[in-house]
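Participant: Got a file for you: data29.txt, compact mmCIF, C-alpha atoms.
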```
# COMPACT_ATOMS: atom_id res chain seq x y z
CA MET A 1 0.00 0.00 0.00
CA GLY A 2 1.15 3.59 0.11
CA ASP A 3 1.62 6.02 -2.70
CA MET A 4 -0.09 3.70 -5.20
CA LEU A 5 -3.32 4.41 -3.35
CA GLY A 6 -2.60 8.14 -3.05
CA ILE A 7 -1.47 7.88 0.54
CA PRO A 8 1.96 9.12 1.59
CA ILE A 9 4.56 6.76 2.96
CA LEU A 10 4.18 7.51 6.64
CA PRO A 11 5.95 6.51 9.81
CA PRO A 12 4.64 3.00 10.52
CA TYR A 13 2.81 4.23 13.57
CA TYR A 14 0.69 6.66 11.58
CA SER A 15 0.23 4.52 8.50
CA LEU A 16 -1.77 2.10 10.66
CA ARG A 17 -4.34 4.85 11.22
CA LEU A 18 -5.13 4.77 7.51
CA LEU A 19 -5.38 1.00 7.29
CA PRO A 20 -9.13 0.78 8.00
CA TYR A 21 -9.89 2.94 4.94
CA VAL A 22 -7.99 0.79 2.50
CA VAL A 23 -9.25 -2.59 3.71
CA PRO A 24 -11.45 -3.07 0.60
CA GLN A 25 -8.54 -2.24 -1.71
CA ILE A 26 -6.29 -4.73 0.08
CA ALA A 27 -9.01 -7.36 -0.03
CA THR A 28 -9.35 -7.03 -3.81
CA TRP A 29 -5.67 -6.44 -4.43
CA LYS A 30 -4.84 -9.97 -5.55
CA ARG A 31 -7.76 -10.15 -7.89
CA ARG A 32 -6.80 -6.87 -9.53
CA MET A 33 -3.20 -7.97 -9.97
CA LEU A 34 -4.30 -11.21 -11.63
CA ARG A 35 -6.69 -9.39 -13.86
CA GLU A 36 -3.99 -7.06 -15.10
CA LYS A 37 -1.76 -9.97 -15.95
CA ASP A 38 -4.50 -11.71 -17.86
CA VAL A 39 -5.20 -8.61 -19.94
CA SER A 40 -1.57 -8.30 -21.03
CA ASP A 41 -1.48 -12.03 -21.71
CA ALA A 42 -4.48 -11.69 -23.92
CA MET A 43 -2.80 -8.86 -25.83
CA PHE A 44 0.68 -10.28 -26.29
CA SER A 45 0.59 -14.06 -26.22
CA PRO A 46 -0.37 -15.60 -29.59
CA GLY A 47 -3.79 -17.00 -28.94
CA GLY A 48 -2.89 -18.02 -25.43
CA ALA A 49 -1.94 -21.43 -26.81
CA ARG A 50 -0.27 -22.71 -23.65
CA ARG A 51 -3.19 -21.89 -21.43
CA PRO A 52 -6.39 -23.81 -21.09
CA PRO A 53 -9.25 -21.78 -22.57
CA ARG A 54 -11.35 -19.86 -20.05
CA SER A 55 -15.09 -19.96 -19.94
CA GLU A 56 -15.38 -16.17 -19.83
CA PRO A 57 -13.15 -13.21 -20.75
CA PRO A 58 -10.95 -12.47 -17.68
CA TRP A 59 -11.33 -8.69 -17.87
CA GLU A 60 -15.02 -8.66 -17.23
CA MET B 1 23.87 26.94 33.68
CA LYS B 2 21.96 28.94 36.27
CA GLU B 3 22.25 32.17 34.29
CA VAL B 4 21.04 30.44 31.12
CA PHE B 5 17.79 29.61 32.90
CA GLN B 6 17.46 32.90 34.77
CA GLN B 7 18.00 35.01 31.66
CA ASN B 8 15.53 33.01 29.57
CA PRO B 9 12.51 32.27 31.76
CA ASP B 10 10.33 31.56 28.71
CA ARG B 11 12.29 28.50 27.74
CA ARG B 12 10.11 25.83 29.26
CA TYR B 13 11.09 22.83 27.15
CA ILE B 14 14.55 21.68 28.14
CA MET B 15 16.30 18.92 26.21
CA PHE B 16 19.50 17.01 26.77
CA GLY B 17 20.93 15.23 23.76
CA GLY B 18 24.14 13.51 22.85
CA LYS B 19 25.71 10.14 22.29
CA GLY B 20 24.60 7.20 24.40
CA GLY B 21 25.92 6.82 27.93
CA LEU B 22 27.36 10.32 28.37
CA GLY B 23 24.94 11.53 31.03
CA LYS B 24 21.74 12.78 29.37
CA THR B 25 19.53 11.15 31.97
CA THR B 26 21.77 12.30 34.81
CA PHE B 27 21.66 15.95 33.68
CA SER B 28 17.93 15.76 33.00
CA ALA B 29 17.35 14.54 36.54
CA ALA B 30 19.69 17.12 38.11
CA THR B 31 18.12 19.96 36.13
CA ALA B 32 14.62 18.81 37.04
CA TYR B 33 15.69 18.60 40.70
CA TRP B 34 17.13 22.12 40.71
CA LEU B 35 14.11 23.67 38.98
CA ALA B 36 11.77 21.90 41.40
CA LYS B 37 13.76 23.32 44.33
CA GLN B 38 13.31 26.79 42.77
CA GLY B 39 9.58 26.27 43.18
CA LYS B 40 8.80 25.35 39.58
CA LYS B 41 6.50 22.47 38.76
CA VAL B 42 8.60 20.12 36.66
CA LEU B 43 8.02 16.98 34.63
CA VAL B 44 11.08 15.06 33.48
CA PHE B 45 10.25 12.39 30.96
CA SER B 46 12.08 9.99 28.76
CA VAL B 47 11.50 9.50 25.04
CA ASP B 48 13.90 6.57 24.97
CA PRO B 49 12.53 3.01 24.74
CA GLN B 50 15.59 2.05 26.84
CA ALA B 51 14.88 4.69 29.44
CA SER B 52 16.80 4.93 32.68
CA LEU B 53 14.84 7.40 34.80
CA THR B 54 13.65 4.42 36.82
CA ASP B 55 17.28 3.64 37.66
CA ILE B 56 18.34 7.17 38.50
CA PHE B 57 15.36 7.90 40.76
CA GLN B 58 15.43 4.34 42.11
CA ARG B 59 11.68 4.16 41.67
CA ASP B 60 9.78 1.97 39.24
CA ILE B 61 8.00 4.56 37.14
CA PHE B 62 7.88 2.68 33.81
CA GLY B 63 4.52 3.03 32.07
CA LYS B 64 2.85 4.55 35.14
CA GLY B 65 2.25 8.06 33.82
CA PRO B 66 3.72 11.03 35.70
CA VAL B 67 4.95 9.77 39.11
CA GLN B 68 5.68 12.29 41.85
CA ILE B 69 9.27 12.01 43.08
CA MET B 70 9.27 14.94 45.53
CA ASP B 71 7.69 18.38 45.93
CA ASN B 72 7.19 19.93 42.45
CA LEU B 73 8.96 17.06 40.68
CA TRP B 74 7.34 14.39 38.55
CA ALA B 75 8.98 11.80 36.34
CA GLN B 76 7.55 9.73 33.50
CA GLU B 77 8.70 6.88 31.33
CA ILE B 78 6.46 6.10 28.40
CA ASP B 79 5.77 2.40 27.87
CA ALA B 80 5.96 2.25 24.09
CA ASP B 81 5.04 -1.41 23.95
CA SER B 82 1.68 -1.26 25.67
CA HIS B 83 1.00 2.01 23.87
CA ILE B 84 1.44 0.20 20.55
CA LYS B 85 -0.72 -2.73 21.67
CA GLU B 86 -3.62 -0.48 22.69
CA TYR B 87 -3.31 1.39 19.43
CA GLN B 88 -3.35 -1.84 17.35
CA GLN B 89 -6.51 -2.84 19.17
CA GLU B 90 -8.12 0.51 18.33
CA ILE B 91 -7.31 -0.04 14.66
CA ARG B 92 -8.76 -3.56 14.72
CA GLN B 93 -11.94 -2.32 16.38
CA LYS B 94 -12.29 0.43 13.82
CA ILE B 95 -12.03 -2.08 10.97
CA LEU B 96 -14.65 -4.32 12.58
CA ASP B 97 -17.02 -1.39 13.13
CA MET B 98 -16.54 0.14 9.69
CA TYR B 99 -17.27 -3.02 7.76
CA GLY B 100 -19.41 -4.90 10.26
CA LEU B 101 -17.00 -7.83 10.28
CA PRO B 102 -16.90 -10.52 12.95
CA ALA B 103 -13.09 -10.80 12.73
CA VAL B 104 -10.20 -8.92 11.15
CA PRO B 105 -9.32 -10.50 7.75
CA GLU B 106 -6.11 -12.50 7.86
CA GLU B 107 -4.20 -10.35 5.37
CA ILE B 108 -5.09 -7.20 7.26
CA GLU B 109 -4.05 -8.76 10.56
CA HIS B 110 -0.71 -9.69 8.98
CA TYR B 111 -0.24 -6.10 7.93
CA ILE B 112 -0.98 -4.84 11.44
CA GLN B 113 1.57 -7.26 12.88
CA ALA B 114 4.22 -6.44 10.29
CA ALA B 115 3.86 -2.68 10.68
CA SER B 116 4.25 -2.99 14.44
CA ALA B 117 7.47 -4.96 14.07
CA GLU B 118 9.11 -2.09 12.16
CA PRO B 119 12.24 -0.88 13.94
CA ALA B 120 11.02 2.71 14.03
CA MET B 121 7.67 1.78 15.52
CA GLU B 122 8.66 2.38 19.15
CA GLU B 123 10.21 5.75 18.43
CA SER B 124 7.18 6.87 16.43
CA ALA B 125 4.83 5.66 19.15
CA ILE B 126 6.72 7.60 21.82
CA PHE B 127 6.93 10.64 19.55
CA ASP B 128 3.16 10.52 19.35
CA ALA B 129 2.67 9.95 23.07
CA VAL B 130 4.83 12.99 23.87
CA VAL B 131 2.24 15.19 22.16
CA ASP B 132 -0.34 14.14 24.75
CA VAL B 133 2.14 14.79 27.56
CA VAL B 134 3.11 18.31 26.57
CA VAL B 135 -0.17 19.71 25.21
CA LYS B 136 -1.80 19.42 28.65
CA LYS B 137 0.43 22.24 29.94
CA ASP B 138 0.18 20.89 33.50
CA PHE B 139 3.79 21.79 34.30
CA ASP B 140 6.01 24.87 34.28
CA TYR B 141 8.93 22.94 32.83
CA TYR B 142 9.20 19.87 30.64
CA ILE B 143 12.58 18.18 30.65
CA TYR B 144 13.13 15.79 27.74
CA ASP B 145 15.60 13.05 28.44
CA LEU B 146 16.33 12.43 24.77
CA VAL B 147 17.33 9.35 22.83
CA PRO B 148 20.92 8.89 21.61
CA LEU B 149 21.93 11.01 18.62
CA GLY B 150 20.98 8.73 15.76
CA HIS B 151 17.47 8.21 16.99
CA ALA B 152 17.02 11.86 17.85
CA LEU B 153 17.96 12.79 14.30
CA TYR B 154 15.51 10.28 12.94
CA TYR B 155 12.89 11.79 15.19
CA LEU B 156 13.60 15.26 13.86
CA SER B 157 13.96 14.37 10.22
CA MET B 158 10.74 12.40 10.46
CA ALA B 159 8.91 15.55 11.46
CA LYS B 160 10.32 17.61 8.61
CA VAL B 161 10.10 15.03 5.82
CA TYR B 162 6.65 13.78 6.70
CA ASP B 163 5.30 17.24 7.12
CA GLU B 164 6.33 18.07 3.54
CA TRP B 165 5.01 14.73 2.29
CA ILE B 166 1.67 15.15 3.96
CA ASN B 167 1.35 18.71 2.69
CA LYS B 168 1.86 17.52 -0.85
CA ILE B 169 -0.57 14.62 -0.65
CA THR B 170 -3.12 16.64 1.27
CA LYS B 171 -3.05 19.25 -1.48
CA LEU B 172 -3.57 16.56 -4.13
CA ARG B 173 -6.46 15.01 -2.26
CA GLU B 174 -8.03 18.43 -1.73
CA ASP B 175 -7.76 19.18 -5.46
CA MET B 176 -9.31 15.81 -6.26
CA ARG B 177 -12.14 16.56 -3.93
CA GLU B 178 -12.85 19.86 -5.65
CA TYR B 179 -13.22 18.08 -8.98
CA GLU B 180 -15.46 15.47 -7.43
CA GLU B 181 -17.66 18.16 -5.98
CA MET B 182 -17.83 19.93 -9.31
CA VAL B 183 -18.86 16.74 -11.05
CA SER B 184 -21.51 15.94 -8.50
CA ARG B 185 -22.90 19.47 -8.80
CA LEU B 186 -23.10 19.10 -12.56
CA LYS B 187 -24.85 15.79 -12.16
CA ARG B 188 -27.04 17.38 -9.47
CA GLU B 189 -26.13 14.61 -7.09
CA LYS B 190 -26.01 15.15 -3.39
CA GLU B 191 -22.69 16.23 -1.90
CA THR B 192 -19.81 13.80 -2.15
CA GLU B 193 -19.09 12.06 1.09
CA GLN B 194 -16.37 13.48 3.26
CA ASP B 195 -12.86 12.36 2.45
CA GLU B 196 -12.13 10.45 5.63
CA ILE B 197 -8.55 9.73 4.62
CA LEU B 198 -7.92 13.42 4.14
CA LYS B 199 -9.20 14.06 7.65
CA GLU B 200 -6.85 11.41 9.03
CA LEU B 201 -3.92 12.90 7.13
CA GLN B 202 -4.67 16.32 8.56
CA TYR B 203 -4.86 14.81 12.03
CA ILE B 204 -1.48 13.07 11.58
CA LYS B 205 0.02 16.29 10.27
CA GLY B 206 -1.27 18.09 13.34
CA ARG B 207 0.29 15.53 15.66
CA ILE B 208 3.68 15.64 13.93
CA ASN B 209 3.62 19.43 13.84
CA ALA B 210 2.73 19.75 17.50
CA SER B 211 5.75 17.72 18.47
CA SER B 212 8.26 19.15 16.03
CA SER B 213 7.20 22.76 16.55
CA ILE B 214 8.27 22.46 20.18
CA LEU B 215 11.59 20.87 19.20
CA THR B 216 12.37 23.85 16.99
CA ASP B 217 10.88 26.72 18.99
CA ARG B 218 13.64 29.22 19.69
CA ALA B 219 11.65 31.14 22.28
CA LYS B 220 10.41 28.22 24.35
CA THR B 221 13.01 25.51 23.90
CA ALA B 222 16.60 25.03 24.99
CA PHE B 223 18.64 22.13 23.66
CA PHE B 224 21.83 21.12 25.44
CA PHE B 225 24.44 18.77 24.07
CA VAL B 226 26.26 16.53 26.51
CA VAL B 227 29.93 15.92 25.65
CA THR B 228 32.90 14.33 27.38
CA PRO B 229 36.57 15.27 26.88
CA GLU B 230 37.28 12.48 24.39
CA ASP B 231 38.36 12.80 20.79
CA MET B 232 35.66 10.71 19.14
CA ILE B 233 32.87 12.17 21.24
CA ILE B 234 33.91 15.73 20.35
CA ARG B 235 34.03 14.95 16.63
CA ASP B 236 30.67 13.18 16.62
CA THR B 237 29.07 15.97 18.61
CA GLN B 238 30.34 18.59 16.16
CA LYS B 239 28.87 16.65 13.26
CA ALA B 240 25.58 16.16 15.07
CA ALA B 241 25.44 19.85 15.99
CA VAL B 242 25.57 20.78 12.31
CA LEU B 243 22.77 18.34 11.50
CA PHE B 244 20.65 19.52 14.42
CA ALA B 245 21.18 23.13 13.42
CA ASN B 246 19.96 22.24 9.92
CA PHE B 247 16.75 21.00 11.48
CA ASP B 248 16.43 24.36 13.30
CA VAL B 249 17.02 22.90 16.76
CA PRO B 250 17.89 25.80 19.09
CA ILE B 251 21.24 24.62 20.51
CA VAL B 252 21.77 26.69 23.64
CA GLY B 253 24.86 25.11 25.07
CA TYR B 254 27.21 22.25 25.72
CA VAL B 255 27.68 20.53 29.06
CA VAL B 256 31.00 18.77 29.55
CA ASN B 257 30.69 15.65 31.67
CA ARG B 258 33.15 13.24 33.30
CA VAL B 259 36.00 15.69 33.82
CA ILE B 260 38.62 14.11 36.07
CA PRO B 261 39.40 16.77 38.75
CA HIS B 262 42.66 18.60 38.05
CA GLN B 263 43.43 18.85 41.80
CA LEU B 264 44.30 15.16 41.74
CA LEU B 265 47.62 16.14 40.12
CA GLU B 266 48.70 17.63 43.45
CA GLN B 267 48.37 14.24 45.07
CA LYS B 268 50.48 11.16 44.71
CA ILE B 269 48.71 9.42 41.82
CA PRO B 270 49.77 6.67 39.43
CA ASP B 271 51.13 7.58 35.97
CA TYR B 272 48.07 5.98 34.45
CA LEU B 273 45.82 8.65 35.96
CA ARG B 274 48.38 11.42 35.36
CA ASN B 275 48.40 10.57 31.65
CA ARG B 276 44.61 10.48 31.51
CA ILE B 277 44.46 13.97 33.02
CA GLN B 278 47.04 15.35 30.59
CA MET B 279 45.21 13.85 27.65
CA GLN B 280 41.97 15.28 28.97
CA ASP B 281 43.49 18.78 29.17
CA LYS B 282 44.19 18.57 25.46
CA TYR B 283 40.60 17.57 24.70
CA LEU B 284 39.16 20.20 27.02
CA GLU B 285 41.15 22.70 24.98
CA SER B 286 39.62 21.39 21.74
CA ILE B 287 36.16 21.60 23.33
CA ARG B 288 36.86 25.26 24.14
CA THR B 289 38.04 25.85 20.57
CA ALA B 290 35.07 24.06 19.04
CA PHE B 291 32.23 25.37 21.21
CA GLY B 292 33.72 28.46 22.91
CA LYS B 293 31.26 30.42 25.02
CA GLN B 294 28.57 27.85 24.41
CA VAL B 295 30.17 25.59 27.01
CA VAL B 296 27.79 26.28 29.89
CA ALA B 297 29.03 23.83 32.50
CA GLN B 298 31.84 21.47 33.29
CA VAL B 299 30.95 18.55 35.53
CA PRO B 300 33.54 16.40 37.30
CA GLU B 301 33.61 12.65 37.33
CA LEU B 302 32.04 11.90 40.71
CA GLU B 303 33.29 9.37 43.19
CA ARG B 304 30.24 7.16 42.66
CA ASP B 305 27.21 6.61 40.38
CA VAL B 306 24.59 9.30 40.27
CA THR B 307 21.53 7.40 41.46
CA GLY B 308 19.09 8.36 44.18
CA LEU B 309 18.07 11.84 45.31
CA PRO B 310 21.13 12.66 47.50
CA MET B 311 23.52 12.16 44.55
CA ILE B 312 21.16 14.02 42.20
CA GLU B 313 21.13 16.87 44.72
CA LYS B 314 24.92 16.89 44.85
CA LEU B 315 25.16 17.03 41.07
CA ALA B 316 22.54 19.78 40.86
CA GLY B 317 24.67 21.72 43.35
CA ILE B 318 27.70 21.39 41.07
CA MET B 319 25.76 22.36 37.93
CA TYR B 320 23.63 25.17 39.36
CA GLY B 321 25.34 25.99 42.67
```
Please express the file's structure as structure tokens.
Facilitator:
Amino acid sequence: MGDMLGIPILPPYYSLRLLPYVVPQIATWKRRMLREKDVSDAMFSPGGARRPPRSEPPWE
Amino acid sequence: MKEVFQQNPDRRYIMFGGKGGLGKTTFSAATAYWLAKQGKKVLVFSVDPQASLTDIFQRDIFGKGPVQIMDNLWAQEIDADSHIKEYQQEIRQKILDMYGLPAVPEEIEHYIQAASAEPAMEESAIFDAVVDVVVKKDFDYYIYDLVPLGHALYYLSMAKVYDEWINKITKLREDMREYEEMVSRLKREKETEQDEILKELQYIKGRINASSSILTDRAKTAFFFVVTPEDMIIRDTQKAAVLFANFDVPIVGYVVNRVIPHQLLEQKIPDYLRNRIQMQDKYLESIRTAFGKQVVAQVPELERDVTGLPMIEKLAGIMYG
């Protein structure tokens, strides 16, 4: 977390104060990271040949 | 020393800084003792996680809030650990309340644990607790028994760097909010909800400012460096003084500690001690060259440890007699 979410890098003591507000972002963090990867895969890998086909487009 | 206090009665925040083990706690205690005897209400407190006020006053005061030592004199050691634990619990409770959760999610709990294990956590926690201590204005004098140099610098730089950081981000968030409000007006929606993060940032900024503004207040604060007549100590202190001055710390004077009494030379003493005294003369000379008139007191090496009120009284007599 930190500047990616528009929050300054703070002394650890104070950064904890902000934690409650970014709980949803942290909870969905992994999903968003995976999604991003899938999008670039879809753009650059030729047909995604090495991957098993998905039932639905990953970016929706 | 006495004149420094008498000529500047507005300086109510007194700090002793310097390398570890040179006598910061000792001088803090002696100064607090003397001021208390002058009829001033004094609180001496430690911002060091490895505090030693308990040892010098021979009273267990750790984590007990201000403890009265004698008439007009209170001492306090902040228990950073339990402070952090209470604070973690507050954060957990807030998360539970905000999202109506039965338990804190595992990843979030990990983050709370990791953040609290940071090396700077204790210092930051004490830094924050000091704000509560000094804003109450219950005392005439506040004596800060400071942390060793490195930590003290961290403490100061933290204030300056984070203040700038928070200003920048706060500005950005405020700008963002203006746009949001404009958009919602155009769409004729009701007002955007308050930016809670912005409020927290402003709170944090207020806390950091409250603490650092005292540390750098020329009118109300006096910072003393403790040095000993030793080559390395003198060099390190000079370097630190430059850094502290850059952070606008009002350095008022230098107190020289552990001076072996010169009168010993008149007695029959071993060469070992004679050499030490000669070497010391050389370093006392370099202290005079380096700090000149800013040397406010020279304190001899005493015959025994300074612990307990009678020894503190004796030392106060030497410093302020």
Participant: I need the contact residues of chain B against chain A, so if you could list those with any atom within 7 Å, counting all atoms listed in the file, and return them as a list in words, that would help.
Facilitator: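 Putting it all together, I get Ile91, Lys94, Ile95, Ala115, Glu118, Met121, Ser124, Ala125, Tyr162, Trp165, Ile166, Ile169, Ile197 and Ile204 of chain B.
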Participant: Could you give me, as a VMD selection string, the residues within 10 Å of Pro9 in chain B, counting all atoms listed in the file and dropping anything in the same chain fewer than 4 positions from it?
Facilitator: chain B and resid 4 to 5 219 to 220
Participant: Those same residues, written as an mmCIF file, in the coordinates of the input with C-alpha atoms?
Facilitator:
```cif
data_model
loop_
_atom_site.group_PDB
_atom_site.id
_atom_site.type_symbol
_atom_site.label_atom_id
_atom_site.label_comp_id
_atom_site.auth_asym_id
_atom_site.auth_seq_id
_atom_site.Cartn_x
_atom_site.Cartn_y
_atom_site.Cartn_z
ATOM 1 C CA VAL B 4 21.040 30.440 31.120
ATOM 2 C CA PHE B 5 17.790 29.610 32.900
ATOM 3 C CA ALA B 219 11.650 31.140 22.280
ATOM 4 C CA LYS B 220 10.410 28.220 24.350
#
```
Participant: Can you work out the spacing between CA of Gln263 in chain B and CA of Gly321 in chain B in Å, to one decimal?
Facilitator: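 Interatomic distance, CA of Gln263 in chain B to CA of Gly321 in chain B: 19.5 Å.
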Participant: With all atoms listed in the file as the counted atoms, please give the residues lying no more than 9 Å from Asp79 in chain B, apart from itself and same-chain residues fewer than 3 positions off, as a list of chain:residue names.
Facilitator: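 Near Asp79 in chain B, the qualifying residues are B:Pro49, B:Phe62, B:Gly63, B:Lys64, B:Gly65, B:Ser82, B:His83, B:Ile84, B:Ile126.
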Participant: Just to confirm, what's the straight-line distance from CA of Asp81 in chain B to CA of Ala210 in chain B in Å (one decimal)?
Facilitator: 22.2 Å
Participant: Counting all atoms listed in the file, find the residues whose atoms lie at most 8 Å from (9.1, 19.0, 12.1) (file coordinates) and write them out as a ChimeraX atom specification.
Facilitator: /B:156-163,208-209,211-213,215-216,247
Participant: Quick one: residues within 12 Å of (-7.7, 16.7, -1.0) (file frame), counting all atoms listed in the file, please, as a VMD selection string.
Facilitator: (chain A and resid 6 to 7) or (chain B and resid 166 to 181 194 to 202)
Participant: Can I get the selected residues back with C-alpha atoms, as a short mmCIF file (atom, residue, chain, number, x, y, z; two decimals), in the coordinates of the input?
Facilitator:
```cif
data_model
loop_
_atom_site.label_atom_id
_atom_site.label_comp_id
_atom_site.auth_asym_id
_atom_site.auth_seq_id
_atom_site.Cartn_x
_atom_site.Cartn_y
_atom_site.Cartn_z
CA GLY A 6 -2.60 8.14 -3.05
CA ILE A 7 -1.47 7.88 0.54
CA ILE B 166 1.67 15.15 3.96
CA ASN B 167 1.35 18.71 2.69
CA LYS B 168 1.86 17.52 -0.85
CA ILE B 169 -0.57 14.62 -0.65
CA THR B 170 -3.12 16.64 1.27
CA LYS B 171 -3.05 19.25 -1.48
CA LEU B 172 -3.57 16.56 -4.13
CA ARG B 173 -6.46 15.01 -2.26
CA GLU B 174 -8.03 18.43 -1.73
CA ASP B 175 -7.76 19.18 -5.46
CA MET B 176 -9.31 15.81 -6.26
CA ARG B 177 -12.14 16.56 -3.93
CA GLU B 178 -12.85 19.86 -5.65
CA TYR B 179 -13.22 18.08 -8.98
CA GLU B 180 -15.46 15.47 -7.43
CA GLU B 181 -17.66 18.16 -5.98
CA GLN B 194 -16.37 13.48 3.26
CA ASP B 195 -12.86 12.36 2.45
CA GLU B 196 -12.13 10.45 5.63
CA ILE B 197 -8.55 9.73 4.62
CA LEU B 198 -7.92 13.42 4.14
CA LYS B 199 -9.20 14.06 7.65
CA GLU B 200 -6.85 11.41 9.03
CA LEU B 201 -3.92 12.90 7.13
CA GLN B 202 -4.67 16.32 8.56
#
```
